[in-house]
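Listing of data.pdb, PDB, C-alpha atoms
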ATOM      1  CA  MET E 574       0.000   0.000   0.000
ATOM      2  CA  ALA E 575       0.934   3.656  -0.041
ATOM      3  CA  THR E 576      -0.457   7.006   1.027
ATOM      4  CA  THR E 577      -0.858  10.088  -1.115
ATOM      5  CA  GLU E 578       1.798  11.838   0.960
ATOM      6  CA  VAL E 579       4.299   9.032   0.434
ATOM      7  CA  VAL E 580       3.610   8.944  -3.310
ATOM      8  CA  GLU E 581       4.190  12.689  -3.532
ATOM      9  CA  ALA E 582       7.461  12.316  -1.620
ATOM     10  CA  TRP E 583       8.579   9.591  -4.025
ATOM     11  CA  LYS E 584       7.830  11.882  -6.965
ATOM     12  CA  ARG E 585       9.854  14.717  -5.483
ATOM     13  CA  GLN E 586      12.791  12.475  -4.677
ATOM     14  CA  ASP E 587      12.879  10.597  -7.985
ATOM     15  CA  PRO E 588      11.008  12.718 -10.579
ATOM     16  CA  GLY E 589      12.585  10.821 -13.445
ATOM     17  CA  PHE E 590      11.528   7.428 -12.000
ATOM     18  CA  SER E 591      15.083   6.115 -12.133
ATOM     19  CA  GLU E 592      14.184   3.398  -9.638
ATOM     20  CA  PRO E 593      11.988   0.960 -11.591
ATOM     21  CA  MET E 594       9.484   0.512  -8.778
ATOM     22  CA  MET E 595       8.595   4.187  -9.045
ATOM     23  CA  GLN E 596       7.296   3.651 -12.567
ATOM     24  CA  TRP E 597       4.914   0.961 -11.314
ATOM     25  CA  ALA E 598       3.932   2.445  -7.968
ATOM     26  CA  VAL E 599       3.618   6.104  -8.960
ATOM     27  CA  ALA E 600       2.759   6.211 -12.658
ATOM     28  CA  SER E 601       0.792   3.113 -13.640
ATOM     29  CA  ASP E 602      -2.619   1.522 -13.197
ATOM     30  CA  ILE E 603      -1.249  -0.060 -10.001
ATOM     31  CA  THR E 604      -1.254   3.291  -8.160
ATOM     32  CA  PRO E 605      -4.997   3.463  -7.336
ATOM     33  CA  ALA E 606      -4.880  -0.042  -5.847
ATOM     34  CA  LEU E 607      -1.933   0.911  -3.641
ATOM     35  CA  LEU E 608      -3.880   3.879  -2.283
ATOM     36  CA  ASP E 609      -7.133   1.973  -1.707
ATOM     37  CA  LEU E 610      -7.354   0.715   1.870
ATOM     38  CA  ASP E 611     -11.061   0.041   1.798
ATOM     39  CA  GLU E 612     -13.637  -1.550  -0.471
ATOM     40  CA  GLY E 613     -11.545  -2.141  -3.579
ATOM     41  CA  ARG E 614      -8.850  -3.923  -1.620
ATOM     42  CA  LEU E 615     -11.368  -5.953   0.342
ATOM     43  CA  ALA E 616     -13.038  -7.028  -2.894
ATOM     44  CA  ALA E 617      -9.661  -8.111  -4.310
ATOM     45  CA  MET E 618      -8.976 -10.115  -1.143
ATOM     46  CA  ASP E 619     -12.371 -11.798  -1.448
ATOM     47  CA  ASP E 620     -11.641 -12.629  -5.084
ATOM     48  CA  ALA E 621      -8.303 -14.210  -4.138
ATOM     49  CA  GLY E 622      -9.706 -16.095  -1.170
ATOM     50  CA  ILE E 623      -7.655 -14.114   1.376
ATOM     51  CA  ASP E 624      -9.291 -13.454   4.738
ATOM     52  CA  VAL E 625      -6.656 -11.211   6.360
ATOM     53  CA  ALA E 626      -4.008  -8.963   4.827
ATOM     54  CA  VAL E 627      -1.013  -7.428   6.601
ATOM     55  CA  LEU E 628      -0.629  -3.963   5.095
ATOM     56  CA  SER E 629       2.858  -2.656   4.328
ATOM     57  CA  VAL E 630       4.196   0.343   2.438
ATOM     58  CA  SER E 631       5.533  -0.679  -0.946
ATOM     59  CA  THR E 632       9.271  -0.595  -1.558
ATOM     60  CA  PRO E 633      11.239   1.676  -1.157
ATOM     61  CA  GLY E 634       9.054   2.861   1.714
ATOM     62  CA  LEU E 635      10.618   5.949   3.261
ATOM     63  CA  GLN E 636      14.115   4.614   2.723
ATOM     64  CA  ASN E 637      14.947   6.594  -0.422
ATOM     65  CA  LEU E 638      14.139   9.936   1.230
ATOM     66  CA  PRO E 639      16.341  12.439   3.073
ATOM     67  CA  ALA E 640      16.389  11.728   6.802
ATOM     68  CA  ALA E 641      14.331  14.765   7.805
ATOM     69  CA  GLU E 642      11.581  14.067   5.277
ATOM     70  CA  ALA E 643      11.494  10.361   6.127
ATOM     71  CA  ARG E 644      11.291  11.169   9.825
ATOM     72  CA  ALA E 645       8.400  13.570   9.251
ATOM     73  CA  LEU E 646       6.448  10.986   7.243
ATOM     74  CA  GLN E 647       6.847   7.863   9.376
ATOM     75  CA  LYS E 648       4.340   8.833  12.087
ATOM     76  CA  PRO E 649       1.454   9.912   9.803
ATOM     77  CA  THR E 650       2.058   6.908   7.542
ATOM     78  CA  ASN E 651       1.842   4.467  10.428
ATOM     79  CA  ASP E 652      -1.201   6.322  11.743
ATOM     80  CA  ALA E 653      -2.846   5.797   8.344
ATOM     81  CA  ILE E 654      -2.084   2.064   8.429
ATOM     82  CA  ALA E 655      -3.473   1.791  11.961
ATOM     83  CA  ALA E 656      -6.595   3.715  10.931
ATOM     84  CA  ALA E 657      -7.224   1.237   8.098
ATOM     85  CA  VAL E 658      -6.852  -1.630  10.576
ATOM     86  CA  ARG E 659      -9.360   0.029  12.926
ATOM     87  CA  ARG E 660     -11.838   0.443  10.056
ATOM     88  CA  HIS E 661     -11.548  -3.226   9.098
ATOM     89  CA  PRO E 662     -10.199  -5.054  12.172
ATOM     90  CA  GLU E 663     -11.266  -8.494  10.962
ATOM     91  CA  ARG E 664      -9.570  -8.071   7.594
ATOM     92  CA  PHE E 665      -6.436  -5.928   8.059
ATOM     93  CA  GLN E 666      -3.326  -5.991  10.182
ATOM     94  CA  GLY E 667      -0.300  -3.789   9.627
ATOM     95  CA  PHE E 668       3.466  -3.540   9.413
ATOM     96  CA  ALA E 669       5.051  -0.240  10.422
ATOM     97  CA  THR E 670       7.158   1.715   7.967
ATOM     98  CA  LEU E 671      10.262   3.429   9.344
ATOM     99  CA  ALA E 672      12.564   6.333   8.573
ATOM    100  CA  THR E 673      15.660   4.146   8.366
ATOM    101  CA  PRO E 674      17.821   7.130   7.280
ATOM    102  CA  ALA E 675      17.295   8.303  10.903
ATOM    103  CA  PRO E 676      17.804   5.010  12.795
ATOM    104  CA  ALA E 677      17.296   6.280  16.350
ATOM    105  CA  ALA E 678      14.028   7.981  15.397
ATOM    106  CA  ALA E 679      13.014   4.844  13.503
ATOM    107  CA  ALA E 680      13.595   2.660  16.559
ATOM    108  CA  ALA E 681      11.466   4.986  18.701
ATOM    109  CA  GLU E 682       8.696   4.951  16.080
ATOM    110  CA  LEU E 683       8.765   1.159  15.963
ATOM    111  CA  GLN E 684       8.093   1.119  19.712
ATOM    112  CA  ARG E 685       5.143   3.502  19.233
ATOM    113  CA  ALA E 686       3.769   1.637  16.235
ATOM    114  CA  VAL E 687       3.767  -1.713  18.008
ATOM    115  CA  VAL E 688       2.798  -0.701  21.548
ATOM    116  CA  GLU E 689       0.446   2.223  20.916
ATOM    117  CA  LEU E 690      -0.901   1.538  17.424
ATOM    118  CA  GLY E 691      -0.996  -2.250  17.654
ATOM    119  CA  LEU E 692       0.934  -2.915  14.442
ATOM    120  CA  ASN E 693       2.469  -6.355  14.130
ATOM    121  CA  GLY E 694       6.074  -5.630  13.220
ATOM    122  CA  VAL E 695       7.786  -3.698  10.466
ATOM    123  CA  MET E 696       8.749  -3.927   6.831
ATOM    124  CA  VAL E 697      12.358  -2.918   6.148
ATOM    125  CA  ASN E 698      13.740  -2.753   2.621
ATOM    126  CA  ALA E 699      17.210  -4.107   1.947
ATOM    127  CA  ARG E 700      18.802  -0.713   1.328
ATOM    128  CA  SER E 701      18.456   2.647   3.045
ATOM    129  CA  GLY E 702      19.773   5.385   0.806
ATOM    130  CA  ASP E 703      22.950   3.817  -0.559
ATOM    131  CA  ARG E 704      23.601   1.662   2.537
ATOM    132  CA  GLY E 705      22.638  -1.960   3.037
ATOM    133  CA  VAL E 706      20.517  -2.344   6.166
ATOM    134  CA  ASP E 707      22.924  -4.925   7.587
ATOM    135  CA  ALA E 708      25.220  -1.992   8.534
ATOM    136  CA  ILE E 709      25.702  -1.454  12.254
ATOM    137  CA  GLU E 710      24.209   2.039  12.053
ATOM    138  CA  PHE E 711      20.787   0.398  11.734
ATOM    139  CA  TRP E 712      21.126  -1.931  14.709
ATOM    140  CA  ASP E 713      19.071   0.362  16.961
ATOM    141  CA  ILE E 714      16.088  -0.715  14.879
ATOM    142  CA  TYR E 715      16.881  -4.393  15.314
ATOM    143  CA  GLU E 716      17.429  -3.977  19.031
ATOM    144  CA  ALA E 717      13.978  -2.410  19.328
ATOM    145  CA  ALA E 718      12.401  -5.175  17.249
ATOM    146  CA  ALA E 719      14.102  -7.906  19.280
ATOM    147  CA  HIS E 720      12.989  -6.310  22.547
ATOM    148  CA  LEU E 721       9.401  -6.129  21.290
ATOM    149  CA  ARG E 722       9.632  -9.584  19.710
ATOM    150  CA  ALA E 723       8.173  -7.890  16.652
ATOM    151  CA  PRO E 724       9.055  -9.473  13.307
ATOM    152  CA  ILE E 725      10.903  -7.640  10.548
ATOM    153  CA  TYR E 726       9.817  -8.386   7.004
ATOM    154  CA  LEU E 727      12.963  -7.846   4.927
ATOM    155  CA  HIS E 728      11.833  -6.783   1.479
ATOM    156  CA  PRO E 729      13.927  -6.220  -1.665
ATOM    157  CA  ARG E 730      14.808  -2.830  -3.019
ATOM    158  CA  ALA E 731      16.225  -2.145  -6.458
ATOM    159  CA  PRO E 732      20.039  -2.523  -6.503
ATOM    160  CA  LEU E 733      22.291   0.508  -6.681
ATOM    161  CA  PRO E 734      22.579   2.142 -10.131
ATOM    162  CA  VAL E 735      26.197   1.018 -10.570
ATOM    163  CA  ILE E 736      25.124  -2.588  -9.995
ATOM    164  CA  ASN E 737      22.189  -2.195 -12.360
ATOM    165  CA  GLN E 738      24.527  -0.951 -15.065
ATOM    166  CA  ALA E 739      27.115  -3.686 -14.539
ATOM    167  CA  TYR E 740      24.797  -6.690 -14.187
ATOM    168  CA  TYR E 741      21.343  -5.881 -15.530
ATOM    169  CA  GLY E 742      21.795  -3.279 -18.283
ATOM    170  CA  GLY E 743      22.272  -3.596 -21.990
ATOM    171  CA  PHE E 744      18.887  -4.909 -23.097
ATOM    172  CA  GLY E 745      16.746  -1.805 -23.009
ATOM    173  CA  GLY E 746      13.797  -0.516 -21.006
ATOM    174  CA  SER E 747      11.537  -3.091 -19.432
ATOM    175  CA  VAL E 748      14.029  -5.977 -19.783
ATOM    176  CA  ASN E 749      16.686  -4.061 -17.831
ATOM    177  CA  ASP E 750      14.150  -3.054 -15.211
ATOM    178  CA  LEU E 751      12.835  -6.556 -14.626
ATOM    179  CA  LEU E 752      16.290  -8.128 -14.594
ATOM    180  CA  ALA E 753      17.245  -5.661 -11.862
ATOM    181  CA  THR E 754      14.070  -6.204  -9.840
ATOM    182  CA  GLY E 755      11.352  -8.840  -9.998
ATOM    183  CA  ALA E 756      13.083 -11.309 -12.311
ATOM    184  CA  ILE E 757      16.234 -11.803 -10.243
ATOM    185  CA  GLY E 758      18.160  -8.670  -9.196
ATOM    186  CA  TRP E 759      16.405  -7.571  -6.087
ATOM    187  CA  HIS E 760      16.063 -11.161  -4.854
ATOM    188  CA  TYR E 761      19.840 -11.572  -4.912
ATOM    189  CA  ASP E 762      20.133  -8.210  -3.182
ATOM    190  CA  ALA E 763      17.725  -9.010  -0.341
ATOM    191  CA  GLY E 764      19.056 -12.523   0.149
ATOM    192  CA  LEU E 765      22.628 -11.296   0.337
ATOM    193  CA  THR E 766      21.544  -8.631   2.826
ATOM    194  CA  LEU E 767      20.217 -11.326   5.138
ATOM    195  CA  VAL E 768      23.414 -13.359   4.813
ATOM    196  CA  ARG E 769      25.364 -10.223   5.691
ATOM    197  CA  MET E 770      23.140  -9.695   8.736
ATOM    198  CA  ILE E 771      23.969 -13.200   9.912
ATOM    199  CA  THR E 772      27.665 -12.871   9.125
ATOM    200  CA  ALA E 773      27.834  -9.552  10.989
ATOM    201  CA  GLY E 774      26.676 -11.318  14.151
ATOM    202  CA  LEU E 775      23.299  -9.562  14.300
ATOM    203  CA  PHE E 776      21.462 -12.655  15.499
ATOM    204  CA  ASP E 777      24.154 -13.503  18.034
ATOM    205  CA  ARG E 778      23.700 -10.007  19.467
ATOM    206  CA  PHE E 779      19.871 -10.198  19.307
ATOM    207  CA  PRO E 780      18.932 -13.888  19.437
ATOM    208  CA  ASP E 781      15.187 -13.117  19.715
ATOM    209  CA  LEU E 782      15.159 -11.169  16.448
ATOM    210  CA  GLN E 783      12.902 -12.742  13.820
ATOM    211  CA  VAL E 784      13.116 -11.843  10.121
ATOM    212  CA  ILE E 785      10.616 -12.773   7.437
ATOM    213  CA  LEU E 786      12.060 -13.287   3.969
ATOM    214  CA  GLY E 787       9.755 -13.337   0.950
ATOM    215  CA  HIS E 788       9.919 -14.862  -2.526
ATOM    216  CA  TRP E 789      10.785 -18.266  -1.033
ATOM    217  CA  GLY E 790      13.869 -16.991   0.740
ATOM    218  CA  GLU E 791      15.241 -14.570  -1.869
ATOM    219  CA  VAL E 792      17.390 -17.190  -3.644
ATOM    220  CA  VAL E 793      19.745 -17.887  -0.704
ATOM    221  CA  LEU E 794      17.462 -20.506   0.847
ATOM    222  CA  PHE E 795      18.238 -22.707  -2.148
ATOM    223  CA  TYR E 796      21.991 -22.286  -1.717
ATOM    224  CA  LEU E 797      22.539 -22.917   1.984
ATOM    225  CA  ASP E 798      24.721 -25.982   1.467
ATOM    226  CA  ARG E 799      27.171 -23.805  -0.456
ATOM    227  CA  ILE E 800      26.861 -20.767   1.814
ATOM    228  CA  ALA E 801      28.015 -23.108   4.603
ATOM    229  CA  VAL E 802      31.604 -22.503   3.466
ATOM    230  CA  LEU E 803      31.366 -19.325   5.557
ATOM    231  CA  ASP E 804      31.251 -21.449   8.707
ATOM    232  CA  GLY E 805      34.974 -22.049   8.471
ATOM    233  CA  VAL E 806      35.934 -18.386   8.409
ATOM    234  CA  THR E 807      33.331 -16.557  10.501
ATOM    235  CA  HIS E 808      33.271 -16.534  14.284
ATOM    236  CA  LEU E 809      29.545 -16.987  14.763
ATOM    237  CA  GLN E 810      27.976 -18.946  17.576
ATOM    238  CA  ARG E 811      26.235 -21.335  15.140
ATOM    239  CA  PRO E 812      26.478 -22.472  11.523
ATOM    240  CA  VAL E 813      24.984 -19.987   9.071
ATOM    241  CA  ALA E 814      22.226 -22.388   8.011
ATOM    242  CA  GLU E 815      21.091 -22.769  11.610
ATOM    243  CA  TYR E 816      20.074 -19.103  11.776
ATOM    244  CA  PHE E 817      17.617 -19.769   8.951
ATOM    245  CA  ARG E 818      15.970 -22.432  11.110
ATOM    246  CA  SER E 819      15.789 -20.291  14.248
ATOM    247  CA  ASN E 820      15.534 -16.649  13.161
ATOM    248  CA  VAL E 821      14.008 -16.636   9.675
ATOM    249  CA  TYR E 822      10.501 -17.218   8.357
ATOM    250  CA  ILE E 823       9.784 -17.760   4.676
ATOM    251  CA  THR E 824       6.867 -16.632   2.501
ATOM    252  CA  PRO E 825       6.134 -17.124  -1.207
ATOM    253  CA  GLY E 826       5.663 -13.376  -1.766
ATOM    254  CA  GLY E 827       3.305 -14.013  -4.645
ATOM    255  CA  ILE E 828       5.190 -16.931  -6.242
ATOM    256  CA  SER E 829       2.692 -19.798  -6.097
ATOM    257  CA  SER E 830       4.969 -22.813  -6.365
ATOM    258  CA  HIS E 831       4.368 -26.080  -4.551
ATOM    259  CA  LYS E 832       7.882 -27.142  -5.532
ATOM    260  CA  TYR E 833       9.361 -24.160  -3.695
ATOM    261  CA  LEU E 834       6.996 -24.786  -0.789
ATOM    262  CA  ARG E 835       8.289 -28.340  -0.373
ATOM    263  CA  TRP E 836      11.894 -27.166  -0.505
ATOM    264  CA  SER E 837      11.293 -24.379   2.010
ATOM    265  CA  ALA E 838       9.477 -26.640   4.465
ATOM    266  CA  GLU E 839      12.254 -29.229   4.202
ATOM    267  CA  THR E 840      14.964 -26.592   4.674
ATOM    268  CA  VAL E 841      13.634 -24.469   7.566
ATOM    269  CA  GLY E 842      10.677 -26.511   8.826
ATOM    270  CA  ALA E 843       7.011 -26.189   7.905
ATOM    271  CA  GLU E 844       6.405 -24.154  11.066
ATOM    272  CA  ARG E 845       8.557 -21.370   9.554
ATOM    273  CA  VAL E 846       6.682 -21.022   6.274
ATOM    274  CA  MET E 847       3.712 -18.659   5.908
ATOM    275  CA  TYR E 848       1.528 -17.690   2.994
ATOM    276  CA  ALA E 849       1.900 -14.172   1.562
ATOM    277  CA  SER E 850       0.516 -12.494  -1.515
ATOM    278  CA  ASP E 851       2.090  -9.584  -3.398
ATOM    279  CA  TYR E 852      -0.976  -7.460  -4.039
ATOM    280  CA  PRO E 853      -1.430  -5.406  -6.141
ATOM    281  CA  PHE E 854       1.672  -6.237  -8.164
ATOM    282  CA  ASN E 855       0.683  -9.905  -8.317
ATOM    283  CA  ARG E 856      -3.102  -9.906  -8.492
ATOM    284  CA  GLU E 857      -4.598 -13.242  -7.482
ATOM    285  CA  ARG E 858      -8.070 -14.024  -8.796
ATOM    286  CA  ASP E 859     -10.882 -16.542  -8.618
ATOM    287  CA  GLY E 860      -9.814 -18.000  -5.287
ATOM    288  CA  SER E 861      -6.254 -18.741  -6.421
ATOM    289  CA  ALA E 862      -4.700 -18.052  -3.010
ATOM    290  CA  ARG E 863      -7.035 -20.452  -1.255
ATOM    291  CA  ARG E 864      -6.653 -23.002  -4.043
ATOM    292  CA  PHE E 865      -2.856 -22.899  -3.655
ATOM    293  CA  LEU E 866      -3.268 -23.823   0.019
ATOM    294  CA  GLU E 867      -5.934 -26.439  -0.520
ATOM    295  CA  THR E 868      -3.907 -28.283  -3.158
ATOM    296  CA  ALA E 869      -0.525 -28.016  -1.401
ATOM    297  CA  PRO E 870       1.117 -31.453  -0.879
ATOM    298  CA  ILE E 871       1.365 -31.047   2.911
ATOM    299  CA  SER E 872      -0.459 -32.335   5.965
ATOM    300  CA  ALA E 873      -3.595 -30.731   7.369
ATOM    301  CA  THR E 874      -1.609 -29.372  10.319
ATOM    302  CA  GLU E 875       1.044 -27.907   8.033
ATOM    303  CA  ARG E 876      -1.695 -26.404   5.844
ATOM    304  CA  GLU E 877      -3.238 -24.665   8.846
ATOM    305  CA  GLY E 878       0.193 -23.336   9.794
ATOM    306  CA  LEU E 879       0.905 -22.083   6.285
ATOM    307  CA  ALA E 880      -2.499 -20.421   6.024
ATOM    308  CA  SER E 881      -2.564 -18.564   9.335
ATOM    309  CA  HIS E 882      -1.387 -20.375  12.461
ATOM    310  CA  ASN E 883       2.348 -19.747  12.001
ATOM    311  CA  TRP E 884       1.694 -16.023  11.631
ATOM    312  CA  GLU E 885      -0.687 -15.987  14.589
ATOM    313  CA  THR E 886       2.010 -17.625  16.700
ATOM    314  CA  ILE E 887       4.433 -14.793  15.886
ATOM    315  CA  VAL E 888       1.829 -12.125  16.659
ATOM    316  CA  ALA E 889       0.930 -13.765  19.965
ATOM    317  CA  GLY E 890       4.553 -13.395  21.099
ATOM    318  CA  ILE E 891       4.842  -9.658  20.466
ATOM    319  CA  ARG E 892       5.402  -7.574  23.605
ATOM    320  CA  ARG E 893       2.939  -4.681  23.709
TER
END

As structure tokens - that is how I would like this structure written.
Amino acid sequence: MATTEVVEAWKRQDPGFSEPMMQWAVASDITPALLDLDEGRLAAMDDAGIDVAVLSVSTPGLQNLPAAEARALQKPTNDAIAAAVRRHPERFQGFATLATPAPAAAAAELQRAVVELGLNGVMVNARSGDRGVDAIEFWDIYEAAAHLRAPIYLHPRAPLPVINQAYYGGFGGSVNDLLATGAIGWHYDAGLTLVRMITAGLFDRFPDLQVILGHWGEVVLFYLDRIAVLDGVTHLQRPVAEYFRSNVYITPGGISSHKYLRWSAETVGAERVMYASDYPFNRERDGSARRFLETAPISATEREGLASHNWETIVAGIRR
């Protein structure tokens, strides 16, 4: 979702839409759906077979803005999310959005959003300005989240322009944009950010911290046996793969694949896999979300966990 104020801030910051997501979120037929937190969204949920949605500000959130502007927007944005939840308490929950360019203010706002507004964690995009959010300057946010036992959904953000040019350019327009984002680029970026968080010792410092990783683990979940080579050179308390089984939850993020579901459940445990859509960028129709669950090759208990129980378990543990 987004608010009008956030959309206007995105336009001011990136008037040429150099970040591909801006083209889709600000200047396409997706924009009205992002702004609709009432009947249109509820109708789309009904069409997909989704009972409850956790609202979150679309990437890049407030993380591409100057610190002062981001700080000024985080409170009213979270108030807007909480207001939508109050209007439709049986249908909506919410993730906070934070001014990560001002980490101390962001940590304080996370406390307010969870304790006072009743939001159920936070969405953080993999880069704040030109800095990966694994950097120690952002650890105030993670300390606050760990204290609250509030989950962090780590979402991709488009890679830096120099990376786009080196790895994803050369094909023109929409091909470049998709290579850098939804096809593969931002999944590598977000997955690597999580590996860097682990390698930096973030989860040793905050063992209660829980991160949710979308798109079936942003590529790295499928490469853990190779990533294990880090175990011989890092000084972590546990093998890298073990953090995925104790501190990471996995969602499909709109990729409806039973093959990936089986792999994820085998890798981290079925109790750490939860369903998630990617509305409105991936519009599910005619009950497709419910059909994905009903036809999944898993047990009835695992199906209940995937559908809602695993998420409800996380929410029940949040300190208010």

Please identify every residue of segment 805-842 of chain E that has at least one atom no farther than 12 Å from an atom of segment 733-756 of chain E, counting all atoms listed in the file, and for each give the shortest atom pair and the distance in Å to one decimal, arranged by chain then increasing number, as JSON lines.
{"residue": "E:Gly826", "atom": "CA", "partner": "E:Gly755", "partner_atom": "CA", "distance": 11.0}
{"residue": "E:Gly827", "atom": "CA", "partner": "E:Gly755", "partner_atom": "CA", "distance": 11.0}
{"residue": "E:Ile828", "atom": "CA", "partner": "E:Gly755", "partner_atom": "CA", "distance": 10.8}

Apply the PyMOL selection byres ((chain E and resi 577-585) around 12) to the structure shown and report the selected residues as a PDB file with C-alpha atoms, in the coordinates of the input.
ATOM      1  CA  MET E 574       0.000   0.000   0.000  1.00  0.00           C
ATOM      2  CA  ALA E 575       0.934   3.656  -0.041  1.00  0.00           C
ATOM      3  CA  THR E 576      -0.457   7.006   1.027  1.00  0.00           C
ATOM      4  CA  GLN E 586      12.791  12.475  -4.677  1.00  0.00           C
ATOM      5  CA  ASP E 587      12.879  10.597  -7.985  1.00  0.00           C
ATOM      6  CA  PRO E 588      11.008  12.718 -10.579  1.00  0.00           C
ATOM      7  CA  GLY E 589      12.585  10.821 -13.445  1.00  0.00           C
ATOM      8  CA  PHE E 590      11.528   7.428 -12.000  1.00  0.00           C
ATOM      9  CA  SER E 591      15.083   6.115 -12.133  1.00  0.00           C
ATOM     10  CA  GLU E 592      14.184   3.398  -9.638  1.00  0.00           C
ATOM     11  CA  PRO E 593      11.988   0.960 -11.591  1.00  0.00           C
ATOM     12  CA  MET E 594       9.484   0.512  -8.778  1.00  0.00           C
ATOM     13  CA  MET E 595       8.595   4.187  -9.045  1.00  0.00           C
ATOM     14  CA  GLN E 596       7.296   3.651 -12.567  1.00  0.00           C
ATOM     15  CA  TRP E 597       4.914   0.961 -11.314  1.00  0.00           C
ATOM     16  CA  ALA E 598       3.932   2.445  -7.968  1.00  0.00           C
ATOM     17  CA  VAL E 599       3.618   6.104  -8.960  1.00  0.00           C
ATOM     18  CA  ALA E 600       2.759   6.211 -12.658  1.00  0.00           C
ATOM     19  CA  THR E 604      -1.254   3.291  -8.160  1.00  0.00           C
ATOM     20  CA  PRO E 605      -4.997   3.463  -7.336  1.00  0.00           C
ATOM     21  CA  ALA E 606      -4.880  -0.042  -5.847  1.00  0.00           C
ATOM     22  CA  LEU E 607      -1.933   0.911  -3.641  1.00  0.00           C
ATOM     23  CA  LEU E 608      -3.880   3.879  -2.283  1.00  0.00           C
ATOM     24  CA  ASP E 609      -7.133   1.973  -1.707  1.00  0.00           C
ATOM     25  CA  LEU E 610      -7.354   0.715   1.870  1.00  0.00           C
ATOM     26  CA  VAL E 630       4.196   0.343   2.438  1.00  0.00           C
ATOM     27  CA  SER E 631       5.533  -0.679  -0.946  1.00  0.00           C
ATOM     28  CA  THR E 632       9.271  -0.595  -1.558  1.00  0.00           C
ATOM     29  CA  PRO E 633      11.239   1.676  -1.157  1.00  0.00           C
ATOM     30  CA  GLY E 634       9.054   2.861   1.714  1.00  0.00           C
ATOM     31  CA  LEU E 635      10.618   5.949   3.261  1.00  0.00           C
ATOM     32  CA  GLN E 636      14.115   4.614   2.723  1.00  0.00           C
ATOM     33  CA  ASN E 637      14.947   6.594  -0.422  1.00  0.00           C
ATOM     34  CA  LEU E 638      14.139   9.936   1.230  1.00  0.00           C
ATOM     35  CA  PRO E 639      16.341  12.439   3.073  1.00  0.00           C
ATOM     36  CA  ALA E 641      14.331  14.765   7.805  1.00  0.00           C
ATOM     37  CA  GLU E 642      11.581  14.067   5.277  1.00  0.00           C
ATOM     38  CA  ALA E 643      11.494  10.361   6.127  1.00  0.00           C
ATOM     39  CA  ARG E 644      11.291  11.169   9.825  1.00  0.00           C
ATOM     40  CA  ALA E 645       8.400  13.570   9.251  1.00  0.00           C
ATOM     41  CA  LEU E 646       6.448  10.986   7.243  1.00  0.00           C
ATOM     42  CA  GLN E 647       6.847   7.863   9.376  1.00  0.00           C
ATOM     43  CA  LYS E 648       4.340   8.833  12.087  1.00  0.00           C
ATOM     44  CA  PRO E 649       1.454   9.912   9.803  1.00  0.00           C
ATOM     45  CA  THR E 650       2.058   6.908   7.542  1.00  0.00           C
ATOM     46  CA  ASN E 651       1.842   4.467  10.428  1.00  0.00           C
ATOM     47  CA  ALA E 653      -2.846   5.797   8.344  1.00  0.00           C
ATOM     48  CA  THR E 670       7.158   1.715   7.967  1.00  0.00           C
ATOM     49  CA  ALA E 672      12.564   6.333   8.573  1.00  0.00           C
TER      50      ALA E 672
END

| query | From the set E:Val697, E:Ile714, E:Ile654, E:Ile709, which residue has the shortest atom-to-atom contact distance to Ala677 of chain E, counting all atoms listed in the file? | reply |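 Of E:Val697, E:Ile714, E:Ile654, E:Ile709, the one nearest Ala677 of chain E is E:Ile714, counting all atoms listed in the file.
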
_atom CA of Gln810 of chain E to atom CA of His720 of chain E, straight-line distance in Å_ =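 Pair atom CA of His720 of chain E / atom CA of Gln810 of chain E returns 20.2 Å.
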
### Task
Considering all atoms listed in the file, state which residue in the set E:Ile603, E:Ala621, E:Leu721, E:Ile823 is at the smallest distance from Val846 of chain E.
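Smallest separation from Val846 of chain E among the options: E:Ile823.
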
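Between atom CA of Pro825 of chain E and atom CA of Gly787 of chain E there is a distance of 5.7 Å.
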
Check: Of the residues E:Asp602, E:Glu612, E:Asp851, E:Asp620, which is the one nearest to Arg864 of chain E, using only C-alpha atoms?
Finding: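 Answer, going by the shortest atom-to-atom distance: E:Asp620.
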
Restricting to all atoms listed in the file, whichever of E:Ile800, E:Leu879, E:Ala723, E:Ala675 is closest to Asn820 of chain E is E:Ala723

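Distances to Val813 of chain E were evaluated for E:Phe865, E:Tyr796, E:Trp759, E:Tyr715 using all atoms listed in the file, and the minimum falls at E:Tyr796.
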
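You will find atom CA of Ala717 of chain E at 18.5 Å from atom CA of Gly705 of chain E.
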
Using all atoms listed in the file, find the one residue out of E:Arg664, E:Arg778, E:Arg811, E:His760 that sits nearest to Ala719 of chain E.
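For Ala719 of chain E, the nearest of the candidates is E:Arg778.
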
* Asked: Using only C-alpha atoms, which residues sit within 10 Å of Ala686 of chain E once same-chain residues fewer than 3 positions away are excluded, as an MDAnalysis selection string?
  -> chainID E and resid 647:648 651:652 654:655 667:671 680:683 689:695 893

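Using the PyMOL selection byres ((chain E and resi 891) around 6) on the file at hand returns these residues: Leu721, Arg722, Ala723, Val888, Ala889, Gly890 and Arg892 of chain E.
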
Test item: residues at most 10 Å from Ala843 of chain E, only C-alpha atoms, excluding those fewer than 3 positions along its chain, as a PyMOL selection string: chain E and resi 822-823+834-840+846-847+871-872+874-876+878-879+883

ask   = If you apply the PyMOL selection byres ((chain E and resi 701) around 7) to this file, what residues do you get, as a count of residues only?
value = 11
